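Working notes for the structure below.
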Amino acid sequence: MTNNGFLLVATSETHVRAANMAAKSIQDHMPDAQIDIFCDLPKLLDPKLFSQINVMDNPHRRSKVDCLSLSRFDRTIYIDSDVRLVSDLTELFGLMDRFDLAMAHGHARNNPKDNSTWKTSFPPSFPQYNSGVFVYKSENPKVIEFLDYWKNVFHETGFHKDQITLRELLWETDLRLYTLPPEYNIRYAKYLSIWDDKEAVPRVLHFKQFKNEHTPFQGIASLKDHKKIGLFNGLRTKLSRFDHFILKRKTKQKVFCIGFHKTGTTSLTKALKILGYKTIHGDGTKTWDGADEGKTLTKMIDEGNYDLPTLKIFDAFSDNPYFSIWKELDKRPDSKFILTMRDPDRWIESACKFYKDRRVRHMRQWMFGEYADPSSSPEAKQKWLDAYNAHNEAVLAHFKGKDNFLVMDVTKNADWETLCEFLGKPIPRKPFPHVNKTKK
């Protein structure tokens, strides 16, 4: 009997944790599947998910090129750690009765990084293949020889991406290559917004966001009934291209940044985006399909309706109107709140410099009325300062002793450790972002 199995390769804490979720998605749809992994941090793995855990030597960003040829299976399906299965893929092993290798084309074929070449020029009709989902006949010595050659060439050439050399080797090889249909490696969630139920059902999702999502993916329970997909089916609305989509990822815990303007909210929003949250900062043009500088949202709030449409679209929220309705938002289950603060004197100085001579937008008019420009008069400046202090005092009193609350001074001591511990997220390798500093 043919020995078939899955292989994952993961380096760094983020990818190893994500590999648990990739393996879980395999196990959910193929309970008897064998799943092996090569990694550098085995202590972060759930051993119940893996048949064999191998600790690799000299890990690097593209360690998969070193490990593919080491598969112990006769036929292997390799997947990246940011891949999630939404279907049983047993039938892919059967492809290897006729072929030696199978992958889907890369999607971003107009990106210069995906058009790079090594020694040979190619016609556009032979693009790069995406190696994040890779089926291969590992019992064939010629396939192993091909994979080892790819490994050596990758290290010799020094390209950042492994697919540049892979493209050329596939062009030259005599191995039988099969191109998987796109539903076996869907790279971007945006494609699902136009997916029709007459198309082949999605089988494999390969979204960048999964790298930072270390909770089980809640997608389609079964793809046996094609009619259950019902992608959109006339439900496309202007609120969100994914709002009514059945293939939704698990709703994330909502995070509300409830600090005033000019307290580092832009930096915090950027940090949350790096951590994988879908963020919104204020209600500026193009932040979402219904954005109108807050007119719709504030109208709802004035009418006592706090079920804002953006709450269904985004995961993390900052700036107005969210910091103005923090008490109502705290009634929502499973929410976390971050109060960004800074020294009041420095804050009002920064606010006056930033808003001086700027167009008064609706949100500021809604909050401060005739005092919407803090630099316009001593009275306006004091109104802003009083509102700032009163807001912070009320928030601190309300959340005192609660574990869903964090205070941060982004201007002084913002760091990944504090934020990630609060949110239960792994620490990124990127430095903590500091943006929109007022020029001296």
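Residue names in the structure tokens use chain letters A, B, ... in the order shown, residue numbers from 1 in each chain, and ligand numbers from 1 in the order shown.
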Each residue of segment 297-375 of chain A with at least one atom at most 9 Å from segment 250-271 of chain A should appear once, together with its nearest atom pair and the corresponding distance in Å (one decimal); atoms considered: only C-alpha atoms; ordering: chain, then increasing residue number; output as a tab-separated table.
residue	atom	partner	partner_atom	distance
A:Leu311	CA	A:Lys254	CA	8.4
A:Phe314	CA	A:Lys254	CA	8.1
A:Asp315	CA	A:Lys254	CA	5.0
A:Ala316	CA	A:Val255	CA	4.6
A:Phe317	CA	A:Phe256	CA	4.9
A:Ser318	CA	A:Cys257	CA	4.7
A:Asp319	CA	A:His261	CA	6.2
A:Asn320	CA	A:His261	CA	8.0
A:Tyr322	CA	A:Ile258	CA	6.5
A:Phe323	CA	A:Ile258	CA	4.0
A:Ser324	CA	A:Ile258	CA	7.6
A:Ile325	CA	A:Ile258	CA	8.6
A:Trp326	CA	A:Ile258	CA	6.5
A:Leu329	CA	A:Phe256	CA	8.3
A:Arg332	CA	A:Lys254	CA	9.0
A:Pro333	CA	A:Gln253	CA	8.9
A:Asp334	CA	A:Gln253	CA	5.8
A:Ser335	CA	A:Lys254	CA	4.8
A:Lys336	CA	A:Val255	CA	4.8
A:Phe337	CA	A:Phe256	CA	4.8
A:Ile338	CA	A:Cys257	CA	4.7
A:Leu339	CA	A:Gly259	CA	4.7
A:Thr340	CA	A:Gly259	CA	4.5
A:Met341	CA	A:Thr263	CA	5.6
A:Arg342	CA	A:Thr263	CA	6.1
A:Trp347	CA	A:Lys262	CA	6.8
A:Ile348	CA	A:Lys262	CA	8.7
A:Ser350	CA	A:Lys262	CA	6.9
A:Ala351	CA	A:Lys262	CA	6.2
A:Phe354	CA	A:Lys262	CA	8.4
For the residues selected in the previous step, produce a file with C-alpha atoms as a compact mmCIF listing (two decimals), in the first residue's frame.
# COMPACT_ATOMS: atom_id res chain seq x y z
CA LEU A 311 -17.91 46.74 13.82
CA PHE A 314 -12.96 45.27 11.13
CA ASP A 315 -11.15 43.69 14.06
CA ALA A 316 -9.34 46.68 15.55
CA PHE A 317 -10.57 50.26 15.85
CA SER A 318 -8.89 53.56 16.69
CA ASP A 319 -9.58 57.30 16.66
CA ASN A 320 -13.06 58.78 16.50
CA TYR A 322 -14.67 54.71 18.83
CA PHE A 323 -12.92 56.45 21.71
CA SER A 324 -16.08 58.55 22.19
CA ILE A 325 -18.32 55.51 22.81
CA TRP A 326 -15.93 53.30 24.80
CA LEU A 329 -18.40 49.23 23.35
CA ARG A 332 -19.79 43.83 23.76
CA PRO A 333 -18.44 40.41 24.77
CA ASP A 334 -14.83 39.39 24.09
CA SER A 335 -13.48 42.90 23.54
CA LYS A 336 -10.19 44.41 24.64
CA PHE A 337 -9.41 48.08 25.18
CA ILE A 338 -6.16 50.02 24.92
CA LEU A 339 -5.93 53.55 26.27
CA THR A 340 -3.09 55.51 24.70
CA MET A 341 -1.97 58.42 26.90
CA ARG A 342 0.80 60.97 27.07
CA TRP A 347 -0.46 66.34 24.19
CA ILE A 348 -2.24 69.69 23.88
CA SER A 350 1.00 68.50 19.78
CA ALA A 351 -2.74 68.79 19.07
CA PHE A 354 -1.23 69.44 14.22
Per residue of segment 124-219 of chain A within 9 Å of segment 48-69 of chain A, record the nearest atom pair and its distance in Å to one decimal, counting only C-alpha atoms, with rows in chain order and ascending residue number, as JSON lines.
{"residue": "A:Ser138", "atom": "CA", "partner": "A:Ser69", "partner_atom": "CA", "distance": 7.3}
{"residue": "A:Val143", "atom": "CA", "partner": "A:Ser69", "partner_atom": "CA", "distance": 8.2}
{"residue": "A:Ile144", "atom": "CA", "partner": "A:Ser69", "partner_atom": "CA", "distance": 5.2}
{"residue": "A:Glu145", "atom": "CA", "partner": "A:Ser69", "partner_atom": "CA", "distance": 8.0}
{"residue": "A:Phe146", "atom": "CA", "partner": "A:Ser69", "partner_atom": "CA", "distance": 8.7}
{"residue": "A:Leu147", "atom": "CA", "partner": "A:Ser69", "partner_atom": "CA", "distance": 5.7}
{"residue": "A:Asp148", "atom": "CA", "partner": "A:Ser69", "partner_atom": "CA", "distance": 6.3}
{"residue": "A:Trp150", "atom": "CA", "partner": "A:Val65", "partner_atom": "CA", "distance": 7.1}
{"residue": "A:Lys151", "atom": "CA", "partner": "A:Val65", "partner_atom": "CA", "distance": 5.0}
{"residue": "A:Asn152", "atom": "CA", "partner": "A:Asp66", "partner_atom": "CA", "distance": 8.6}
{"residue": "A:Phe154", "atom": "CA", "partner": "A:Val65", "partner_atom": "CA", "distance": 7.8}
{"residue": "A:His160", "atom": "CA", "partner": "A:Arg62", "partner_atom": "CA", "distance": 8.4}
{"residue": "A:Lys161", "atom": "CA", "partner": "A:Arg62", "partner_atom": "CA", "distance": 7.8}
{"residue": "A:Asp162", "atom": "CA", "partner": "A:Arg62", "partner_atom": "CA", "distance": 7.0}
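Using only C-alpha atoms, the residues found no farther than 8 Å from Phe99 of chain A, other than those of its own chain fewer than 3 positions away, are Leu95, Met96, Ala102, Lys137, Leu175, Arg176, Leu177 and Tyr178 of chain A.
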Could you write those residues out with C-alpha atoms, as a compact mmCIF listing (two decimals), in the first residue's frame?
# COMPACT_ATOMS: atom_id res chain seq x y z
CA LEU A 95 -2.57 12.42 -9.37
CA MET A 96 0.86 10.94 -8.77
CA ALA A 102 1.82 19.23 -9.15
CA LYS A 137 5.97 11.67 -6.09
CA LEU A 175 9.53 15.17 -15.04
CA ARG A 176 5.79 15.14 -15.61
CA LEU A 177 4.40 18.39 -14.23
CA TYR A 178 0.69 18.95 -13.58
Give the strand (DSSP E or B) residues of segment 55-133 of chain A, as DSSP finds them on the backbone, and put them as a VMD selection string.
chain A and resid 55 75 to 79 83 to 85 101 to 105 129 to 133
Just write the chosen residues, N, CA and C atoms, as a compact mmCIF listing (two decimals), in the first residue's frame.
# COMPACT_ATOMS: atom_id res chain seq x y z
N VAL A 55 13.69 18.09 14.05
CA VAL A 55 14.36 19.35 14.35
C VAL A 55 15.43 19.59 13.30
N ARG A 75 4.37 9.40 -1.50
CA ARG A 75 3.77 10.54 -2.17
C ARG A 75 3.49 11.60 -1.11
N THR A 76 3.85 12.82 -1.42
CA THR A 76 3.87 13.86 -0.39
C THR A 76 3.10 15.08 -0.87
N ILE A 77 2.33 15.65 0.05
CA ILE A 77 1.75 16.98 -0.17
C ILE A 77 2.42 17.92 0.82
N TYR A 78 3.21 18.84 0.30
CA TYR A 78 3.81 19.86 1.14
C TYR A 78 2.90 21.07 1.18
N ILE A 79 2.70 21.69 2.38
CA ILE A 79 1.96 22.95 2.47
C ILE A 79 2.73 23.92 3.37
N VAL A 83 -1.22 27.97 5.17
CA VAL A 83 -2.21 27.28 4.33
C VAL A 83 -3.26 26.64 5.24
N ARG A 84 -4.51 26.69 4.80
CA ARG A 84 -5.59 26.02 5.53
C ARG A 84 -6.42 25.20 4.54
N LEU A 85 -6.57 23.93 4.84
CA LEU A 85 -7.42 23.07 4.03
C LEU A 85 -8.88 23.31 4.39
N LEU A 101 4.97 15.80 -10.33
CA LEU A 101 4.90 17.05 -9.56
C LEU A 101 3.58 17.74 -9.88
N ALA A 102 3.04 18.46 -8.90
CA ALA A 102 1.82 19.23 -9.15
C ALA A 102 1.81 20.47 -8.26
N MET A 103 1.60 21.63 -8.89
CA MET A 103 1.49 22.90 -8.19
C MET A 103 0.54 23.80 -8.96
N ALA A 104 0.09 24.86 -8.30
CA ALA A 104 -0.71 25.88 -8.98
C ALA A 104 0.18 27.05 -9.38
N HIS A 105 -0.25 27.80 -10.37
CA HIS A 105 0.50 28.98 -10.78
C HIS A 105 0.52 30.02 -9.68
N TYR A 129 5.48 29.02 -10.53
CA TYR A 129 4.53 28.20 -9.77
C TYR A 129 4.67 28.56 -8.29
N ASN A 130 3.56 28.54 -7.59
CA ASN A 130 3.60 28.81 -6.16
C ASN A 130 3.93 27.52 -5.42
N SER A 131 5.03 27.54 -4.69
CA SER A 131 5.50 26.31 -4.04
C SER A 131 4.91 26.12 -2.65
N GLY A 132 3.91 26.94 -2.28
CA GLY A 132 3.28 26.80 -0.97
C GLY A 132 2.37 25.59 -0.86
N VAL A 133 1.90 25.09 -1.98
CA VAL A 133 1.14 23.82 -2.05
C VAL A 133 1.81 23.00 -3.14
Which polymer residues have any atom within 12 Å of an atom of Arg109 of chain A, counting only C-alpha atoms, with same-chain residues fewer than 6 positions away left out, as a list in words?
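Within the cut-off, the hits are Asn115, Ser116, Pro124, Ser125, Phe126, Pro127, Gln128, Tyr129 and Asn130 of chain A.
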Using only C-alpha atoms, can you tell me which of A:Tyr388, A:Trp195, A:Trp288, A:Phe73 comes closest to Glu183 of chain A?
A:Trp195
Pick from A:Pro309, A:Phe6, A:Leu272, A:Asp302 nearest to Asp289 of chain A, counting only C-alpha atoms
A:Pro309
Just how far from atom CA of Leu170 of chain A is atom CA of Val201 of chain A, in Å to one decimal?
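A separation of 27.8 Å between them.
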Expected answer as a ChimeraX atom specification: helix (DSSP H, G or I) residues in segment 7-254 of chain A:
/A:13-29,42-44,47-49,64-70,90-95,112-115,141-157,163-172,182-184,189-194,208-212,226-228
Neighbours of Glu13 of chain A within 8 Å (only C-alpha atoms; same-chain residues fewer than 5 positions away dropped), as a VMD selection string?
chain A and resid 41 44 426
Atom pair atom CA of Lys331 of chain A + atom CA of Phe210 of chain A, distance 28.6 Å
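Take the candidates A:Glu417, A:Val410, A:Asp343, A:His434 and check each one against Asn392 of chain A using only C-alpha atoms; the shortest distance goes to A:Asp343.
As for atom CA of Ser81 of chain A and atom CA of Thr11 of chain A, they are spaced 9.6 Å apart.
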12 Å contact set for Thr296 of chain A, only C-alpha atoms, chain neighbours under 4 positions out, as a PyMOL selection string:
chain A and resi 283+289-292+300-303+305-310+321+362-363+366
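Shortest atom-to-atom contact with Ala387 of chain A among A:Val153, A:Ala372, A:Phe399, A:Ile35: A:Ala372, counting only C-alpha atoms.
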